[in-house]
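Notes follow the structure.
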Amino acid sequence: MKSKQSLVMEPEAMSMIEKNDLKAREAKAIIQTYARQDVAIVRGSGVRVWDSDGKEYLDFVAGIAVNNVGHCHPTVARAIARQAERLIHTSNLYYTENQVLLAEELKALTGMDRAYFCNSGAESVEAALKLTRRATGKSKIVAAERAFHGRTLGALGITYKSVYREPFRPLNEAAFVPYNDVEALKAAVTSETGAVILEPVQGEAGVYVADAEYLRAARQICDDRGALLIFDEVQTGFGRTGKWFGKDHFGVKPDIMTLAKAMAGGLPIGAMLAAGSVSEIFQKGDHGSTFAGGPLICAGALACIQVIKEEKLVERSEEMGAYLKSQLAKLAARQIRGLGLMVGLDLDADCKSLVEKALAKGVLLNSTGEHTLRFVPPLVVEKEEIDRMVSVIEQSL
Ligand SMILES: Cc1ncc(COP(=O)(O)O)c(C=O)c1O
């Protein structure tokens, strides 16, 4: 029987496997690296997703800051479908148009000079680390406490949580300094430092915003000591913070920027952007990846950028982010932090159980710690949807 089951879902089908069966099969077939919520998502549209029983949820997680234009935006879905009928893949042995068009868009949006494409956030960080090594000849990296840069070996070494790093030593580990502490940064960056890497807003940590003074000082310290400044904008990119990129709040230009997550609305893509002479350092053969910058993914990314522009989602992120914060202020919060629709909330409650209760009430939430919720909804979120989410938290507390 099993061998006769189709592996291609019929368009009208909600799901092919009942949830408990799916969970049991997942446990046997998938290497168990993820702690999942008790729900199987089968469909999405805008700010909403549906599970395998047809139940609707408001999505304030957005694939972890990925679905900025909303789930299955018709412009993006159409662009992907059209490109899929034209050319899905051909490799970087050849020129492809979408890759160049996307790089030009990213240059115009960021003020950086050249792009290197890859397939994820961690890969964009890996590329930044390799470029640092090639450009400076130095391997020492200074990163911030609470930082998250990914889980591949290079990115893991500069990710702060020691429980993530511990089982995988030896790693090339960063010198970690307290975030927003200029003096600590001054003390840590030496002539042997290859780069300082910072998130303009720390996401996985629970949403901590950089001080403008701190990022300006970081730029100066790097210049003085001959180190590169890398901004990891994997989570803060593409309108998430109420500007196109997190750096735009601070008027500081890095040497290298890393991007991923929302870039292609859910298709796997990443990019490392470099400025000035640093963008000319990599030589042919220095780095590469089979799928990187492929025509299908880049078509998705170009469509996402178009939607963000046409629907003014950057401005919307700022406006709705302010509304979200004003509504969260009604809860007994210890602290509310964030920029645009990237908001962290500290509560005296057990946030893990709060997430489960909200799930039962039809709202997807994400906790980044015992007492912290992170809100990163699609930028198309409406006030009424924010109201409903906040009232679900109120009821669940
Ligand atoms: C700032 C930052 N950098 C890097 C990463 C790693 O990205 P990915 O999960 O796509 O490898 C993340 C993921 O959450 C991130 O938030």
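Lettering and numbering for the structure tokens are positional, with chains as A, B, ... in the shown order, residues counted from 1 in each chain, and ligands counted from 1 in the shown order.
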
Near stretch 279-289 of chain A, within 9 Å and counting only C-alpha atoms, which residues show up once chain neighbours fewer than 6 positions away are dropped, as a list in words?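 Residues meeting the cut-off are Ser91, Asn92, Met112, Asp113, Arg114, Ala115, Tyr116, Phe117, Cys118, Asn119, Ala127, Lys130, Leu131, Arg134, Ala135, Asp255, Ile256 and Leu273 of chain A.
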
Create the file for the chosen residues now, containing N, CA and C atoms and written as an mmCIF file, in the first residue's frame.
```
data_model
loop_
_atom_site.group_PDB
_atom_site.id
_atom_site.type_symbol
_atom_site.label_atom_id
_atom_site.label_comp_id
_atom_site.auth_asym_id
_atom_site.auth_seq_id
_atom_site.Cartn_x
_atom_site.Cartn_y
_atom_site.Cartn_z
ATOM 1 N N SER A 91 23.111 26.112 -12.551
ATOM 2 C CA SER A 91 24.415 26.200 -11.868
ATOM 3 C C SER A 91 25.137 27.502 -12.198
ATOM 4 N N ASN A 92 26.161 27.747 -11.401
ATOM 5 C CA ASN A 92 26.969 28.967 -11.583
ATOM 6 C C ASN A 92 28.083 28.785 -12.608
ATOM 7 N N MET A 112 25.656 48.863 -0.688
ATOM 8 C CA MET A 112 26.854 48.012 -0.750
ATOM 9 C C MET A 112 27.238 47.838 -2.222
ATOM 10 N N ASP A 113 28.378 47.180 -2.481
ATOM 11 C CA ASP A 113 28.881 47.187 -3.861
ATOM 12 C C ASP A 113 28.744 45.880 -4.641
ATOM 13 N N ARG A 114 28.833 44.745 -3.957
ATOM 14 C CA ARG A 114 28.708 43.467 -4.672
ATOM 15 C C ARG A 114 28.057 42.423 -3.778
ATOM 16 N N ALA A 115 27.412 41.455 -4.420
ATOM 17 C CA ALA A 115 26.731 40.390 -3.663
ATOM 18 C C ALA A 115 27.354 39.038 -3.958
ATOM 19 N N TYR A 116 27.395 38.200 -2.940
ATOM 20 C CA TYR A 116 27.698 36.781 -3.123
ATOM 21 C C TYR A 116 26.461 36.036 -2.633
ATOM 22 N N PHE A 117 25.876 35.182 -3.454
ATOM 23 C CA PHE A 117 24.656 34.489 -3.041
ATOM 24 C C PHE A 117 24.951 33.115 -2.447
ATOM 25 N N CYS A 118 24.091 32.726 -1.514
ATOM 26 C CA CYS A 118 24.179 31.395 -0.901
ATOM 27 C C CYS A 118 22.762 30.953 -0.549
ATOM 28 N N ASN A 119 22.626 30.011 0.361
ATOM 29 C CA ASN A 119 21.316 29.359 0.538
ATOM 30 C C ASN A 119 20.683 29.512 1.913
ATOM 31 N N ALA A 127 30.280 32.811 4.624
ATOM 32 C CA ALA A 127 30.921 33.565 3.531
ATOM 33 C C ALA A 127 31.609 34.805 4.095
ATOM 34 N N LYS A 130 34.825 33.739 5.789
ATOM 35 C CA LYS A 130 35.865 33.419 4.799
ATOM 36 C C LYS A 130 36.415 34.671 4.146
ATOM 37 N N LEU A 131 35.504 35.600 3.837
ATOM 38 C CA LEU A 131 35.954 36.844 3.196
ATOM 39 C C LEU A 131 36.854 37.641 4.159
ATOM 40 N N ARG A 134 40.237 36.113 4.099
ATOM 41 C CA ARG A 134 40.919 36.395 2.826
ATOM 42 C C ARG A 134 41.346 37.864 2.749
ATOM 43 N N ALA A 135 40.507 38.737 3.290
ATOM 44 C CA ALA A 135 40.788 40.177 3.163
ATOM 45 C C ALA A 135 41.831 40.647 4.174
ATOM 46 N N ASP A 255 31.377 46.904 6.399
ATOM 47 C CA ASP A 255 32.151 46.421 5.246
ATOM 48 C C ASP A 255 31.452 45.229 4.613
ATOM 49 N N ILE A 256 30.759 44.470 5.468
ATOM 50 C CA ILE A 256 30.073 43.255 5.005
ATOM 51 C C ILE A 256 28.698 43.194 5.673
ATOM 52 N N LEU A 273 26.837 40.694 1.281
ATOM 53 C CA LEU A 273 27.135 41.888 0.499
ATOM 54 C C LEU A 273 28.424 42.494 1.039
#
```

Please report as CSV every residue of chain A lying within 9 Å of ligand 1, along with the nearest atom pair and their distance in Å (one decimal), using only C-alpha atoms and all ligand atoms.
```
residue,atom,partner,partner_atom_place_in_ligand_line,distance
A:Ile64,CA,ligand 1,14 (O),7.2
A:Ala65,CA,ligand 1,14 (O),8.3
A:Asn119,CA,ligand 1,10 (O),7.7
A:Ser120,CA,ligand 1,10 (O),4.0
A:Gly121,CA,ligand 1,7 (O),3.2
A:Ala122,CA,ligand 1,11 (O),3.6
A:Glu123,CA,ligand 1,11 (O),6.4
A:Ser124,CA,ligand 1,4 (C),7.8
A:Val125,CA,ligand 1,4 (C),6.7
A:Ala147,CA,ligand 1,1 (C),7.5
A:Phe148,CA,ligand 1,2 (C),5.4
A:His149,CA,ligand 1,3 (N),3.7
A:Gly150,CA,ligand 1,6 (C),3.8
A:Arg151,CA,ligand 1,11 (O),6.6
A:Thr152,CA,ligand 1,11 (O),7.7
A:Ala155,CA,ligand 1,4 (C),7.7
A:Thr159,CA,ligand 1,3 (N),8.9
A:Leu198,CA,ligand 1,1 (C),8.5
A:Glu199,CA,ligand 1,1 (C),5.9
A:Pro200,CA,ligand 1,1 (C),8.9
A:Val201,CA,ligand 1,1 (C),8.2
A:Gln202,CA,ligand 1,1 (C),6.7
A:Gly203,CA,ligand 1,16 (O),5.6
A:Glu204,CA,ligand 1,16 (O),5.7
A:Ala205,CA,ligand 1,16 (O),8.9
A:Phe231,CA,ligand 1,1 (C),8.9
A:Asp232,CA,ligand 1,1 (C),5.3
A:Glu233,CA,ligand 1,1 (C),5.9
A:Val234,CA,ligand 1,2 (C),4.7
A:Gln235,CA,ligand 1,16 (O),4.7
A:Thr236,CA,ligand 1,1 (C),7.4
A:Thr258,CA,ligand 1,3 (N),7.6
A:Leu259,CA,ligand 1,3 (N),8.0
A:Ala260,CA,ligand 1,10 (O),6.1
A:Lys261,CA,ligand 1,10 (O),5.9
A:Pro268,CA,ligand 1,10 (O),7.8
A:Ile269,CA,ligand 1,10 (O),8.0
A:Gly270,CA,ligand 1,10 (O),7.4
```

At what distance in Å, to one decimal, does atom CA of A:Lys357 lie from atom CA of A:Leu328?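 These two atoms are separated by 17.3 Å.
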
Which value, in Å to one decimal, gives the distance between atom CA of A:Ala81 and atom CA of A:Pro295? 11.8 Å

To one decimal in Å, tell me the separation between atom CA of A:Val252 and atom CA of A:Thr110.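 Distance between the two atoms: 11.3 Å.
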
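Using only C-alpha atoms, the smallest distance between any of A:Leu373, A:Leu58, A:Ile336, A:Ile17 and A:Ser353 comes from A:Leu373.
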
Could you write out, as a VMD selection string, all the residues of stretch 120-217 of chain A that DSSP marks as helix (DSSP H, G or I)? chain A and resid 121 to 136 153 to 157 162 to 168 182 to 188 212 to 217

At a cut-off of 10 Å, using only C-alpha atoms, what residues contact stretch 37-53 of chain A? Leave out same-chain residues fewer than 4 positions from it and give the result as a ChimeraX atom specification. /A:13-20,22-23,57-62,67-74,355-356,359-360,362-364,377-382,385

Which neighbours of A:Leu313 fall inside 8 Å, counting only C-alpha atoms, when residues of the same chain fewer than 3 positions from it are skipped, and could you give them as a list in words?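 What passes the distance filter is Val69, Gly239, Val307, Ile308, Lys309, Glu310, Arg316, Ser317, Leu379 and Val380 of chain A.
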
Nearest to A:Thr96 among A:Ala322, A:Gly54, A:Ala27, A:Ile297, with distances taken over only C-alpha atoms: which residue is it? A:Ile297

Identify, on the basis of only C-alpha atoms, every residue whose closest approach to A:Glu173 does not exceed 10 Å; exclude the query and any residue fewer than 6 positions from it along the same chain; express the result as JSON, numbers by chain. {"A": [139, 140, 141, 142, 143, 153, 154, 155, 156, 157, 158, 159, 160, 165]}

Residues within 9 Å of A:Lys383, only C-alpha atoms, excluding chain neighbours under 3 positions, as a ChimeraX atom specification: /A:320,323-324,386-388

Serialized selection, N, CA and C atoms, as an mmCIF file, in the first residue's frame:
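Listed below is the output, part.cif:
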```cif
data_model
loop_
_atom_site.group_PDB
_atom_site.id
_atom_site.type_symbol
_atom_site.label_atom_id
_atom_site.label_comp_id
_atom_site.auth_asym_id
_atom_site.auth_seq_id
_atom_site.Cartn_x
_atom_site.Cartn_y
_atom_site.Cartn_z
ATOM 1 N N MET A 320 2.726 49.569 12.068
ATOM 2 C CA MET A 320 2.103 48.457 12.803
ATOM 3 C C MET A 320 2.951 48.050 13.999
ATOM 4 N N TYR A 323 1.963 50.263 16.704
ATOM 5 C CA TYR A 323 0.649 49.843 17.221
ATOM 6 C C TYR A 323 0.792 48.588 18.097
ATOM 7 N N LEU A 324 1.590 47.635 17.595
ATOM 8 C CA LEU A 324 1.809 46.397 18.361
ATOM 9 C C LEU A 324 2.370 46.722 19.748
ATOM 10 N N ILE A 386 -3.661 42.177 15.360
ATOM 11 C CA ILE A 386 -2.836 42.454 16.552
ATOM 12 C C ILE A 386 -3.722 42.444 17.793
ATOM 13 N N ASP A 387 -4.890 43.085 17.694
ATOM 14 C CA ASP A 387 -5.817 43.123 18.836
ATOM 15 C C ASP A 387 -6.187 41.711 19.283
ATOM 16 N N ARG A 388 -6.501 40.874 18.286
ATOM 17 C CA ARG A 388 -6.920 39.506 18.635
ATOM 18 C C ARG A 388 -5.775 38.739 19.312
#
```
